[in-house]
$ cat protein10.tsv   # TSV, C-alpha atoms
chain	number	residue	atom	x	y	z
A	1	MET	CA	-137.73	-95.51	36.86
A	2	ARG	CA	-139.48	-98.06	39.07
A	3	ARG	CA	-141.41	-95.25	40.76
A	4	LYS	CA	-142.15	-93.46	37.46
A	5	TYR	CA	-143.69	-96.55	35.88
A	6	SER	CA	-145.04	-98.12	39.10
A	7	ILE	CA	-143.03	-101.32	38.65
A	8	LEU	CA	-142.75	-103.67	41.65
A	9	VAL	CA	-143.79	-100.95	44.07
A	10	ASP	CA	-146.68	-100.51	46.51
A	11	ALA	CA	-147.76	-97.82	48.93
A	12	ASN	CA	-144.78	-98.52	51.19
A	13	GLY	CA	-142.10	-98.43	48.49
A	14	PRO	CA	-140.39	-101.35	46.77
A	15	ILE	CA	-142.17	-104.68	47.02
A	16	GLY	CA	-140.19	-106.92	49.35
A	17	GLY	CA	-138.71	-103.97	51.22
A	18	GLN	CA	-135.61	-103.35	49.10
A	19	TRP	CA	-134.89	-102.10	45.60
A	20	ASN	CA	-132.15	-104.48	44.56
A	21	TYR	CA	-131.71	-108.25	44.96
A	22	ASP	CA	-128.39	-108.56	43.17
A	23	ALA	CA	-126.91	-110.41	46.15
A	24	GLU	CA	-129.42	-113.20	45.41
A	25	ASN	CA	-128.42	-113.41	41.73
A	26	ARG	CA	-124.99	-115.01	42.10
A	27	LYS	CA	-125.38	-118.72	42.79
A	28	SER	CA	-122.75	-121.08	41.46
A	29	PRO	CA	-124.11	-123.64	38.99
A	30	ALA	CA	-125.55	-126.63	40.81
A	31	HIS	CA	-124.54	-130.11	39.68
A	32	GLY	CA	-127.18	-131.68	37.46
A	33	LEU	CA	-128.99	-128.40	36.87
A	34	ASN	CA	-131.74	-128.88	34.27
A	35	VAL	CA	-131.51	-126.03	31.76
A	36	PRO	CA	-134.44	-125.66	29.29
A	37	GLU	CA	-133.70	-125.14	25.61
A	38	THR	CA	-134.07	-121.67	24.18
A	39	TYR	CA	-136.83	-120.67	21.76
A	40	ARG	CA	-136.41	-122.17	18.31
A	41	THR	CA	-138.29	-121.67	15.07
A	42	GLY	CA	-137.48	-122.78	11.54
A	43	PRO	CA	-136.34	-120.16	9.01
A	44	GLY	CA	-139.02	-119.02	6.60
A	45	GLU	CA	-138.57	-118.40	2.88
A	46	ILE	CA	-137.29	-114.84	3.24
A	47	THR	CA	-134.84	-115.88	5.95
A	48	GLN	CA	-133.55	-118.70	3.79
A	49	ASP	CA	-133.03	-116.29	0.91
A	50	VAL	CA	-131.03	-113.96	3.17
A	51	MET	CA	-128.96	-116.86	4.50
A	52	ALA	CA	-128.11	-117.88	0.94
A	53	LEU	CA	-127.15	-114.29	0.13
A	54	VAL	CA	-124.85	-114.10	3.16
A	55	GLU	CA	-123.26	-117.45	2.37
A	56	THR	CA	-122.56	-116.30	-1.19
A	57	HIS	CA	-121.01	-112.95	-0.36
A	58	PHE	CA	-119.43	-113.57	3.07
A	59	PRO	CA	-118.50	-117.27	3.21
A	60	ASP	CA	-115.33	-116.73	5.25
A	61	HIS	CA	-116.73	-114.33	7.84
A	62	PHE	CA	-116.90	-115.22	11.53
A	63	GLY	CA	-120.05	-117.00	12.68
A	64	ASP	CA	-122.26	-119.95	11.82
A	65	LEU	CA	-125.34	-119.43	9.64
A	66	SER	CA	-127.00	-122.67	10.61
A	67	PRO	CA	-128.96	-123.62	12.52
A	68	PHE	CA	-130.88	-120.34	12.38
A	69	HIS	CA	-133.68	-120.27	14.92
A	70	PHE	CA	-134.13	-116.62	15.92
A	71	ALA	CA	-137.50	-114.93	15.80
A	72	VAL	CA	-137.85	-112.60	12.80
A	73	THR	CA	-141.42	-111.35	13.30
A	74	ARG	CA	-143.15	-109.64	16.22
A	75	ASP	CA	-145.37	-112.64	16.87
A	76	GLN	CA	-142.33	-114.93	17.02
A	77	ALA	CA	-140.47	-112.53	19.31
A	78	LEU	CA	-143.42	-112.42	21.69
A	79	ALA	CA	-143.59	-116.21	21.62
A	80	ALA	CA	-139.87	-116.34	22.47
A	81	PHE	CA	-140.41	-114.01	25.41
A	82	ASP	CA	-143.45	-115.90	26.65
A	83	GLU	CA	-141.35	-119.07	26.58
A	84	PHE	CA	-138.78	-117.38	28.79
A	85	ILE	CA	-141.47	-116.34	31.26
A	86	SER	CA	-142.94	-119.83	31.46
A	87	ARG	CA	-139.77	-121.95	31.37
A	88	ARG	CA	-136.73	-119.98	32.55
A	89	LEU	CA	-137.62	-116.84	34.50
A	90	ARG	CA	-138.21	-118.79	37.71
A	91	MET	CA	-134.53	-119.83	37.85
A	92	PHE	CA	-133.05	-116.73	36.24
A	93	GLY	CA	-132.59	-114.91	39.53
A	94	ASP	CA	-130.50	-117.60	41.17
A	95	TYR	CA	-128.33	-118.51	38.19
A	96	GLN	CA	-128.08	-115.42	35.99
A	97	ASP	CA	-124.30	-115.27	36.61
A	98	ALA	CA	-123.64	-119.01	36.26
A	99	MET	CA	-121.87	-120.70	33.34
A	100	ILE	CA	-122.01	-124.38	32.37
A	101	GLN	CA	-120.01	-125.99	29.59
A	102	GLY	CA	-122.29	-126.96	26.72
A	103	GLU	CA	-125.17	-124.77	28.01
A	104	PRO	CA	-124.86	-121.44	26.18
A	105	TRP	CA	-128.40	-120.27	26.89
A	106	MET	CA	-128.80	-120.99	30.62
A	107	PHE	CA	-131.89	-119.27	32.10
A	108	HIS	CA	-131.54	-115.98	30.24
A	109	SER	CA	-134.25	-114.43	28.10
A	110	HIS	CA	-132.30	-114.01	24.83
A	111	ILE	CA	-134.51	-111.06	23.84
A	112	ALA	CA	-131.93	-108.26	23.54
A	113	LEU	CA	-131.83	-108.74	19.78
A	114	TYR	CA	-135.60	-108.33	19.55
A	115	LEU	CA	-135.62	-105.30	21.86
A	116	ASN	CA	-132.82	-103.55	20.00
A	117	CYS	CA	-134.33	-104.01	16.54
A	118	GLY	CA	-137.83	-103.05	17.68
A	119	LEU	CA	-139.75	-106.32	17.42
A	120	ILE	CA	-140.81	-106.05	21.06
A	121	ASN	CA	-141.13	-103.15	23.47
A	122	PRO	CA	-139.11	-102.94	26.71
A	123	LEU	CA	-142.04	-101.84	28.86
A	124	GLU	CA	-144.30	-104.66	27.70
A	125	CYS	CA	-141.62	-107.18	28.67
A	126	ILE	CA	-141.20	-105.54	32.07
A	127	GLU	CA	-144.95	-105.58	32.70
A	128	ARG	CA	-145.29	-109.25	31.67
A	129	ALA	CA	-142.48	-110.19	34.03
A	130	GLU	CA	-144.15	-108.28	36.86
A	131	VAL	CA	-147.41	-110.11	36.20
A	132	ALA	CA	-145.51	-113.41	36.50
A	133	TYR	CA	-144.36	-112.37	39.98
A	134	HIS	CA	-147.84	-111.37	41.13
A	135	ARG	CA	-149.35	-114.66	39.99
A	136	GLY	CA	-146.63	-116.63	41.76
A	137	ALA	CA	-144.89	-117.94	38.64
A	138	ALA	CA	-141.47	-116.51	39.52
A	139	PRO	CA	-139.76	-115.29	42.73
A	140	LEU	CA	-138.91	-111.68	43.44
A	141	ASN	CA	-135.15	-112.03	43.02
A	142	ALA	CA	-135.68	-113.36	39.48
A	143	VAL	CA	-138.25	-110.77	38.39
A	144	GLU	CA	-136.45	-107.81	39.98
A	145	GLY	CA	-133.16	-108.97	38.47
A	146	PHE	CA	-134.66	-109.26	35.01
A	147	ILE	CA	-136.44	-105.91	35.20
A	148	ARG	CA	-133.27	-104.23	36.51
A	149	GLN	CA	-131.39	-105.32	33.39
A	150	ILE	CA	-133.90	-103.53	31.14
A	151	LEU	CA	-135.37	-100.64	33.14
A	152	GLY	CA	-132.12	-99.94	34.98
A	153	TRP	CA	-128.99	-100.99	33.15
A	154	ARG	CA	-130.20	-100.75	29.55
A	155	GLU	CA	-131.53	-97.24	30.05
A	156	TYR	CA	-128.41	-96.18	31.98
A	157	VAL	CA	-126.14	-97.38	29.17
A	158	ARG	CA	-128.30	-95.63	26.58
A	159	GLY	CA	-128.03	-92.40	28.57
A	160	ILE	CA	-124.23	-92.64	28.81
A	161	TYR	CA	-123.98	-93.12	25.04
A	162	TRP	CA	-126.12	-90.13	24.08
A	163	LEU	CA	-124.57	-87.92	26.77
A	164	LYS	CA	-120.91	-88.61	25.99
A	165	MET	CA	-120.63	-89.42	22.29
A	166	PRO	CA	-118.74	-88.91	20.05
A	167	ASP	CA	-115.75	-88.34	22.36
A	168	TYR	CA	-116.61	-91.44	24.39
A	169	LYS	CA	-115.56	-93.71	21.53
A	170	ALA	CA	-111.92	-92.57	21.77
A	171	THR	CA	-111.46	-93.12	25.53
A	172	ASN	CA	-108.47	-95.20	26.61
A	173	PHE	CA	-107.84	-94.31	30.26
A	174	LEU	CA	-105.47	-97.23	30.90
A	175	GLY	CA	-103.48	-96.70	27.72
A	176	ALA	CA	-104.27	-100.22	26.51
A	177	ASP	CA	-102.46	-101.12	23.32
A	178	PRO	CA	-101.90	-104.80	22.33
A	179	ALA	CA	-103.90	-106.05	19.35
A	180	LEU	CA	-106.74	-108.53	19.70
A	181	PRO	CA	-105.28	-112.07	19.70
A	182	GLU	CA	-106.15	-114.35	16.81
A	183	PHE	CA	-107.87	-116.84	19.11
A	184	TYR	CA	-110.78	-114.41	19.56
A	185	TRP	CA	-111.66	-115.34	15.97
A	186	THR	CA	-110.74	-119.03	16.04
A	187	GLY	CA	-111.30	-120.20	19.61
A	188	ASP	CA	-107.95	-121.98	19.30
A	189	THR	CA	-106.71	-121.55	22.86
A	190	GLN	CA	-105.90	-123.85	25.76
A	191	MET	CA	-107.89	-121.64	28.14
A	192	ASN	CA	-111.10	-123.66	28.24
A	193	CYS	CA	-113.29	-120.80	29.47
A	194	MET	CA	-112.19	-118.64	26.54
A	195	ARG	CA	-112.55	-121.50	24.06
A	196	GLN	CA	-116.09	-122.28	25.27
A	197	CYS	CA	-117.29	-118.67	25.15
A	198	ILE	CA	-115.73	-117.91	21.76
A	199	THR	CA	-117.05	-121.14	20.24
A	200	GLU	CA	-120.57	-120.50	21.53
A	201	THR	CA	-120.38	-116.92	20.28
A	202	LYS	CA	-119.46	-118.20	16.83
A	203	GLN	CA	-122.28	-120.75	16.85
A	204	ASN	CA	-125.04	-118.55	18.25
A	205	ALA	CA	-124.06	-114.87	17.83
A	206	TYR	CA	-124.83	-114.83	21.56
A	207	ALA	CA	-123.17	-115.15	24.94
A	208	HIS	CA	-124.74	-114.11	28.21
A	209	HIS	CA	-123.53	-111.11	30.21
A	210	ILE	CA	-121.12	-112.93	32.54
A	211	GLN	CA	-119.45	-114.72	29.63
A	212	ARG	CA	-119.05	-111.37	27.88
A	213	LEU	CA	-117.92	-109.47	30.99
A	214	MET	CA	-116.04	-111.88	33.25
A	215	VAL	CA	-114.47	-114.27	30.74
A	216	LEU	CA	-114.01	-112.66	27.31
A	217	GLY	CA	-113.99	-109.12	28.66
A	218	ASN	CA	-111.97	-109.92	31.77
A	219	PHE	CA	-109.20	-111.35	29.62
A	220	ALA	CA	-109.23	-108.27	27.37
A	221	LEU	CA	-108.98	-106.04	30.45
A	222	LEU	CA	-106.19	-108.00	32.13
A	223	ALA	CA	-104.21	-108.29	28.90
A	224	GLY	CA	-104.64	-104.58	28.20
A	225	LEU	CA	-106.05	-105.07	24.71
A	226	ASP	CA	-106.68	-102.11	22.40
A	227	PRO	CA	-110.21	-100.75	23.09
A	228	ASP	CA	-110.83	-100.05	19.39
A	229	GLU	CA	-110.16	-103.68	18.46
A	230	VAL	CA	-112.11	-105.09	21.39
A	231	ASN	CA	-115.10	-102.86	20.61
A	232	GLU	CA	-114.99	-103.86	16.96
A	233	TRP	CA	-115.02	-107.55	17.90
A	234	TYR	CA	-118.01	-107.21	20.23
A	235	LEU	CA	-119.89	-105.13	17.67
A	236	LEU	CA	-119.28	-107.69	14.91
A	237	VAL	CA	-119.95	-110.99	16.64
A	238	TYR	CA	-123.16	-110.45	18.65
A	239	ALA	CA	-126.58	-110.19	17.06
A	240	ASP	CA	-127.79	-107.70	19.68
A	241	ALA	CA	-124.76	-105.39	19.50
A	242	ASN	CA	-126.03	-102.02	18.34
A	243	GLU	CA	-123.28	-99.49	19.04
A	244	TRP	CA	-125.29	-97.53	21.62
A	245	VAL	CA	-125.49	-100.56	23.87
A	246	GLU	CA	-122.22	-102.27	22.91
A	247	LEU	CA	-119.80	-99.36	23.24
A	248	PRO	CA	-120.57	-98.23	26.83
A	249	ASN	CA	-120.69	-101.83	28.03
A	250	VAL	CA	-117.29	-102.61	26.48
A	251	SER	CA	-115.39	-99.34	26.98
A	252	GLY	CA	-116.98	-98.57	30.34
A	253	MET	CA	-117.94	-101.81	32.03
A	254	ILE	CA	-115.42	-104.25	30.53
A	255	LEU	CA	-112.28	-102.22	29.78
A	256	PHE	CA	-112.58	-99.29	32.22
A	257	ALA	CA	-111.41	-97.23	29.27
A	258	ASP	CA	-113.58	-94.28	30.36
A	259	GLY	CA	-111.73	-94.03	33.69
A	260	GLY	CA	-114.77	-94.76	35.82
A	261	LEU	CA	-117.54	-92.72	34.23
A	262	LEU	CA	-119.85	-95.71	33.79
A	263	ALA	CA	-118.57	-98.16	36.43
A	264	SER	CA	-116.98	-97.42	39.79
A	265	LYS	CA	-114.17	-99.97	39.42
A	266	PRO	CA	-112.55	-102.26	36.83
A	267	TYR	CA	-114.26	-105.66	36.74
A	268	ALA	CA	-111.02	-107.59	36.97
A	269	ALA	CA	-110.94	-111.10	38.41
A	270	SER	CA	-108.59	-114.05	38.72
A	271	GLY	CA	-109.30	-117.64	37.76
A	272	SER	CA	-110.99	-118.32	41.09
A	273	TYR	CA	-114.04	-116.29	40.06
A	274	ILE	CA	-114.44	-118.24	36.83
A	275	ASN	CA	-114.00	-121.49	38.75
A	276	LYS	CA	-116.68	-120.45	41.25
A	277	MET	CA	-119.24	-119.43	38.65
A	278	SER	CA	-118.68	-122.21	36.07
A	279	ASN	CA	-117.54	-125.77	35.49
A	280	TYR	CA	-115.10	-124.69	32.76
A	281	CYS	CA	-111.97	-125.16	34.83
A	282	GLY	CA	-112.39	-128.91	35.27
A	283	SER	CA	-111.71	-129.44	31.55
A	284	CYS	CA	-108.83	-126.99	31.27
A	285	LYS	CA	-105.09	-127.48	30.93
A	286	TYR	CA	-104.59	-124.68	33.43
A	287	LYS	CA	-105.55	-124.88	37.09
A	288	PRO	CA	-107.23	-122.01	38.95
A	289	SER	CA	-105.63	-123.18	42.21
A	290	VAL	CA	-102.12	-122.79	40.75
A	291	LYS	CA	-100.84	-119.21	40.84
A	292	ASN	CA	-97.57	-119.41	38.89
A	293	GLY	CA	-95.79	-121.66	36.43
A	294	PRO	CA	-96.81	-123.53	33.26
A	295	THR	CA	-100.00	-125.05	34.73
A	296	ALA	CA	-101.20	-121.86	36.44
A	297	CYS	CA	-104.40	-120.28	35.17
A	298	PRO	CA	-103.28	-117.26	33.11
A	299	PHE	CA	-106.05	-115.19	34.70
A	300	ASN	CA	-104.21	-115.54	38.03
A	301	TYR	CA	-100.89	-113.92	37.19
A	302	LEU	CA	-102.43	-111.58	34.59
A	303	TYR	CA	-104.72	-110.26	37.34
A	304	TRP	CA	-101.85	-109.22	39.58
A	305	ASP	CA	-99.80	-107.93	36.68
A	306	PHE	CA	-102.76	-105.79	35.60
A	307	LEU	CA	-102.93	-104.22	39.06
A	308	ALA	CA	-99.16	-103.64	39.20
A	309	ARG	CA	-99.09	-102.31	35.64
A	310	ASN	CA	-101.84	-99.78	36.39
A	311	ASN	CA	-100.80	-98.91	39.92
A	312	GLY	CA	-100.58	-95.19	39.25
A	313	LYS	CA	-104.11	-94.99	37.86
A	314	LEU	CA	-105.99	-97.49	40.02
A	315	ARG	CA	-104.46	-97.53	43.51
A	316	GLY	CA	-106.55	-94.58	44.61
A	317	ASN	CA	-109.84	-96.26	43.63
A	318	PRO	CA	-111.68	-96.81	46.95
A	319	ARG	CA	-113.32	-100.03	45.75
A	320	ILE	CA	-110.04	-101.81	45.02
A	321	GLY	CA	-107.60	-100.13	47.41
A	322	PHE	CA	-107.65	-103.13	49.73
A	323	ILE	CA	-106.43	-105.37	46.89
A	324	TYR	CA	-103.32	-103.23	46.54
A	325	LYS	CA	-102.59	-103.91	50.20
A	326	THR	CA	-102.39	-107.60	49.30
A	327	LEU	CA	-100.12	-106.79	46.37
A	328	ASP	CA	-97.89	-104.72	48.67
A	329	LYS	CA	-97.41	-107.69	50.99
A	330	MET	CA	-96.03	-109.93	48.22
A	331	ASN	CA	-92.30	-110.62	48.46
A	332	ASP	CA	-89.88	-109.92	45.63
A	333	ALA	CA	-89.80	-113.55	44.49
A	334	LYS	CA	-93.60	-113.64	44.12
A	335	ARG	CA	-93.65	-110.37	42.20
A	336	GLN	CA	-90.89	-111.62	39.92
A	337	ALA	CA	-92.78	-114.86	39.23
A	338	ILE	CA	-95.86	-112.84	38.22
A	339	GLN	CA	-93.79	-110.69	35.87
A	340	ASP	CA	-92.02	-113.69	34.35
A	341	ASP	CA	-95.22	-115.66	33.75
A	342	THR	CA	-96.93	-112.62	32.27
A	343	ARG	CA	-94.01	-111.85	29.94
A	344	GLN	CA	-93.83	-115.45	28.74
A	345	PHE	CA	-97.58	-115.51	28.13
A	346	PHE	CA	-97.58	-112.24	26.20
A	347	ASN	CA	-94.59	-113.28	24.12
A	348	ALA	CA	-96.30	-116.54	23.17
A	349	MET	CA	-99.60	-114.78	22.43
A	350	LEU	CA	-97.95	-112.14	20.24
A	351	ALA	CA	-96.10	-114.88	18.36
A	352	ASN	CA	-99.48	-116.56	17.65
A	353	GLU	CA	-98.50	-119.60	19.66
A	354	LYS	CA	-101.36	-121.56	21.22
A	355	VAL	CA	-101.77	-120.25	24.75
$ encode --input "protein10.tsv" --output "structure tokens"
Amino acid sequence: MRRKYSILVDANGPIGGQWNYDAENRKSPAHGLNVPETYRTGPGEITQDVMALVETHFPDHFGDLSPFHFAVTRDQALAAFDEFISRRLRMFGDYQDAMIQGEPWMFHSHIALYLNCGLINPLECIERAEVAYHRGAAPLNAVEGFIRQILGWREYVRGIYWLKMPDYKATNFLGADPALPEFYWTGDTQMNCMRQCITETKQNAYAHHIQRLMVLGNFALLAGLDPDEVNEWYLLVYADANEWVELPNVSGMILFADGGLLASKPYAASGSYINKMSNYCGSCKYKPSVKNGPTACPFNYLYWDFLARNNGKLRGNPRIGFIYKTLDKMNDAKRQAIQDDTRQFFNAMLANEKV
């Protein structure tokens, strides 16, 4: 796609000498990082009328109506994108995977809603980002990373959807079954990372891709939640969640429900990943450094239980085979502690106790 549209390429191939700078897109959040506000505009008369209509007919539905500050016209959407280019793109490359409590927007563009409903065109956004690189307004790792999300990932996901539907919607490779816990709707959980991401989703109809994948989605994967219920939740709560983009991302990338058609491995992680990429853990009851017991981060023992539970289906995956070697080295007491903690957690969750 880069070659076809002559994006970030020259006579010698990719500008900078390589196609992908993902390795430079994973910095942990720096202390005191200054994050600019996202684009905001006041609701016009039509928007206010629609808000009143929604409040009348759906007062108890998930989500906050106010403050409403999304763009609703093409001119506003372009202004929102231009603000991203001028204020946030420069830092997007370094911190696109980072999470900070109280900073839902970070350095992301927040334009998926406008792309998916047709207010702005993907190629014009790509070309404007490339211009920012050439005039020195943003580094290559930021511009390539942003363009890859649209020209690469977005188009790949769209292709998977149109190639594999309608059967794709029913995939459940891991046989996941438990229902979606109530705290996905209330945010009433002692896991601070989950509480932060659910609360911000409710407030903004938005969470960035690492919050969706490695916090909210990671928990759904580790807990083995029913793909139908998880997909329904993602489709309902996010403003940009058209089914063609939501379903492959959730069933394929998050839940590995398609058995590896879209992604080459399950994106499962323990609490240490969340601790590395956020400051959520410092305000949490649970500790990412504790592996078992009442103060252990649930992501820790759920991670190993997930691997043990799906041993027959995942051990042969070449990208995670080495992790099973670690699991194999655990003694019986360690394995039993993982099972006990997991069982207690699930029992509490199914009983609607606050976990």
$ atom_distance --input "protein10.tsv" --atom1 "atom CA of Val230 of chain A" --atom2 "atom CA of Thr171 of chain A"
12.7 Å
$ closest_residue --input "protein10.tsv" --among "A:Ser251, A:Asn121, A:Asn331, A:Thr295" --to "Phe345 of chain A" --atoms "all atoms listed in the file"
A:Thr295
$ residues_around --input "protein10.tsv" --residues "Thr41 of chain A" --least-positions-apart "6" --cutoff "7 Å" --atoms "all atoms listed in the file" --output "list in words"
His69, Phe70 and Ala71 of chain A
$ closest_residue --input "protein10.tsv" --among "A:Asp332, A:Glu83, A:Glu155, A:Asp97" --to "His110 of chain A" --atoms "all atoms listed in the file"
A:Glu83
$ axis_aligned_box --input "protein10.tsv" --around "segment 330-335 of chain A" --padding-each-side "5 Å" --output "JSON"
{"center_x": -92.9, "center_y": -111.8, "center_z": 45.3, "size_x": 16.2, "size_y": 13.7, "size_z": 16.3}
$ closest_residue --input "protein10.tsv" --among "A:Gly145, A:Pro294, A:Gly271, A:Gly224" --to "Arg309 of chain A" --atoms "all atoms listed in the file"
A:Gly224
$ closest_residue --input "protein10.tsv" --among "A:Val245, A:Leu216, A:Met191, A:Val131" --to "Cys297 of chain A" --atoms "only C-alpha atoms"
A:Met191
$ atom_distance --input "protein10.tsv" --atom1 "atom CA of Cys284 of chain A" --atom2 "atom CA of Asn192 of chain A"
5.0 Å
$ closest_residue --input "protein10.tsv" --among "A:Thr342, A:Thr326, A:Ser289, A:Thr186" --to "Asp305 of chain A" --atoms "all atoms listed in the file"
A:Thr342
$ atom_distance --input "protein10.tsv" --atom1 "atom CA of Ala80 of chain A" --atom2 "atom CA of Glu200 of chain A"
19.8 Å
$ residues_around --input "protein10.tsv" --residues "segment 306-308 of chain A" --least-positions-apart "5" --cutoff "9 Å" --atoms "only C-alpha atoms" --output "list in words"
Leu221, Leu222, Ala223, Gly224, Ala268, Tyr301, Leu314, Arg315, Ile323, Tyr324 and Leu327 of chain A
$ closest_residue --input "protein10.tsv" --among "A:Ile198, A:Leu235, A:Leu33, A:Ile338" --to "Glu182 of chain A" --atoms "all atoms listed in the file"
A:Ile198
$ residues_near_point --input "protein10.tsv" --point "(-122.4, -95.7, 24.6)" --cutoff "8 Å" --atoms "all atoms listed in the file" --output "list in words"
Val157, Arg158, Gly159, Ile160, Tyr161, Trp162, Lys164, Met165, Tyr168, Lys169, Glu243, Trp244, Val245, Glu246, Leu247, Pro248 and Asn249 of chain A
$ write_last_selection --input "protein10.tsv" --atoms "C-alpha atoms" --output "PDB file, keeping the file's coordinate frame"
ATOM      1  CA  VAL A 157    -126.140 -97.380  29.170  1.00  0.00           C
ATOM      2  CA  ARG A 158    -128.300 -95.630  26.580  1.00  0.00           C
ATOM      3  CA  GLY A 159    -128.030 -92.400  28.570  1.00  0.00           C
ATOM      4  CA  ILE A 160    -124.230 -92.640  28.810  1.00  0.00           C
ATOM      5  CA  TYR A 161    -123.980 -93.120  25.040  1.00  0.00           C
ATOM      6  CA  TRP A 162    -126.120 -90.130  24.080  1.00  0.00           C
ATOM      7  CA  LYS A 164    -120.910 -88.610  25.990  1.00  0.00           C
ATOM      8  CA  MET A 165    -120.630 -89.420  22.290  1.00  0.00           C
ATOM      9  CA  TYR A 168    -116.610 -91.440  24.390  1.00  0.00           C
ATOM     10  CA  LYS A 169    -115.560 -93.710  21.530  1.00  0.00           C
ATOM     11  CA  GLU A 243    -123.280 -99.490  19.040  1.00  0.00           C
ATOM     12  CA  TRP A 244    -125.290 -97.530  21.620  1.00  0.00           C
ATOM     13  CA  VAL A 245    -125.490-100.560  23.870  1.00  0.00           C
ATOM     14  CA  GLU A 246    -122.220-102.270  22.910  1.00  0.00           C
ATOM     15  CA  LEU A 247    -119.800 -99.360  23.240  1.00  0.00           C
ATOM     16  CA  PRO A 248    -120.570 -98.230  26.830  1.00  0.00           C
ATOM     17  CA  ASN A 249    -120.690-101.830  28.030  1.00  0.00           C
TER      18      ASN A 249
END
$ decode --input "protein10.tsv" --residues "segment 99-115 of chain A" --atoms "C-alpha atoms" --output "PDB file, in the first residue's frame"
ATOM      1  CA  MET A  99      -1.515   5.017  29.510  1.00  0.00           C
ATOM      2  CA  ILE A 100      -1.755   7.675  32.233  1.00  0.00           C
ATOM      3  CA  GLN A 101      -4.498   7.897  34.831  1.00  0.00           C
ATOM      4  CA  GLY A 102      -6.716  10.895  34.153  1.00  0.00           C
ATOM      5  CA  GLU A 103      -5.373  11.325  30.584  1.00  0.00           C
ATOM      6  CA  PRO A 104      -7.806   9.455  28.317  1.00  0.00           C
ATOM      7  CA  TRP A 105      -6.737  11.151  25.098  1.00  0.00           C
ATOM      8  CA  MET A 106      -2.922  10.981  25.279  1.00  0.00           C
ATOM      9  CA  PHE A 107      -1.280  11.812  21.913  1.00  0.00           C
ATOM     10  CA  HIS A 108      -3.736   9.942  19.705  1.00  0.00           C
ATOM     11  CA  SER A 109      -5.632  11.499  16.819  1.00  0.00           C
ATOM     12  CA  HIS A 110      -9.211  10.603  17.873  1.00  0.00           C
ATOM     13  CA  ILE A 111     -10.328  10.620  14.219  1.00  0.00           C
ATOM     14  CA  ALA A 112     -11.564   7.030  13.799  1.00  0.00           C
ATOM     15  CA  LEU A 113     -15.140   8.192  14.337  1.00  0.00           C
ATOM     16  CA  TYR A 114     -14.791  10.770  11.563  1.00  0.00           C
ATOM     17  CA  LEU A 115     -13.105   8.307   9.192  1.00  0.00           C
TER      18      LEU A 115
END
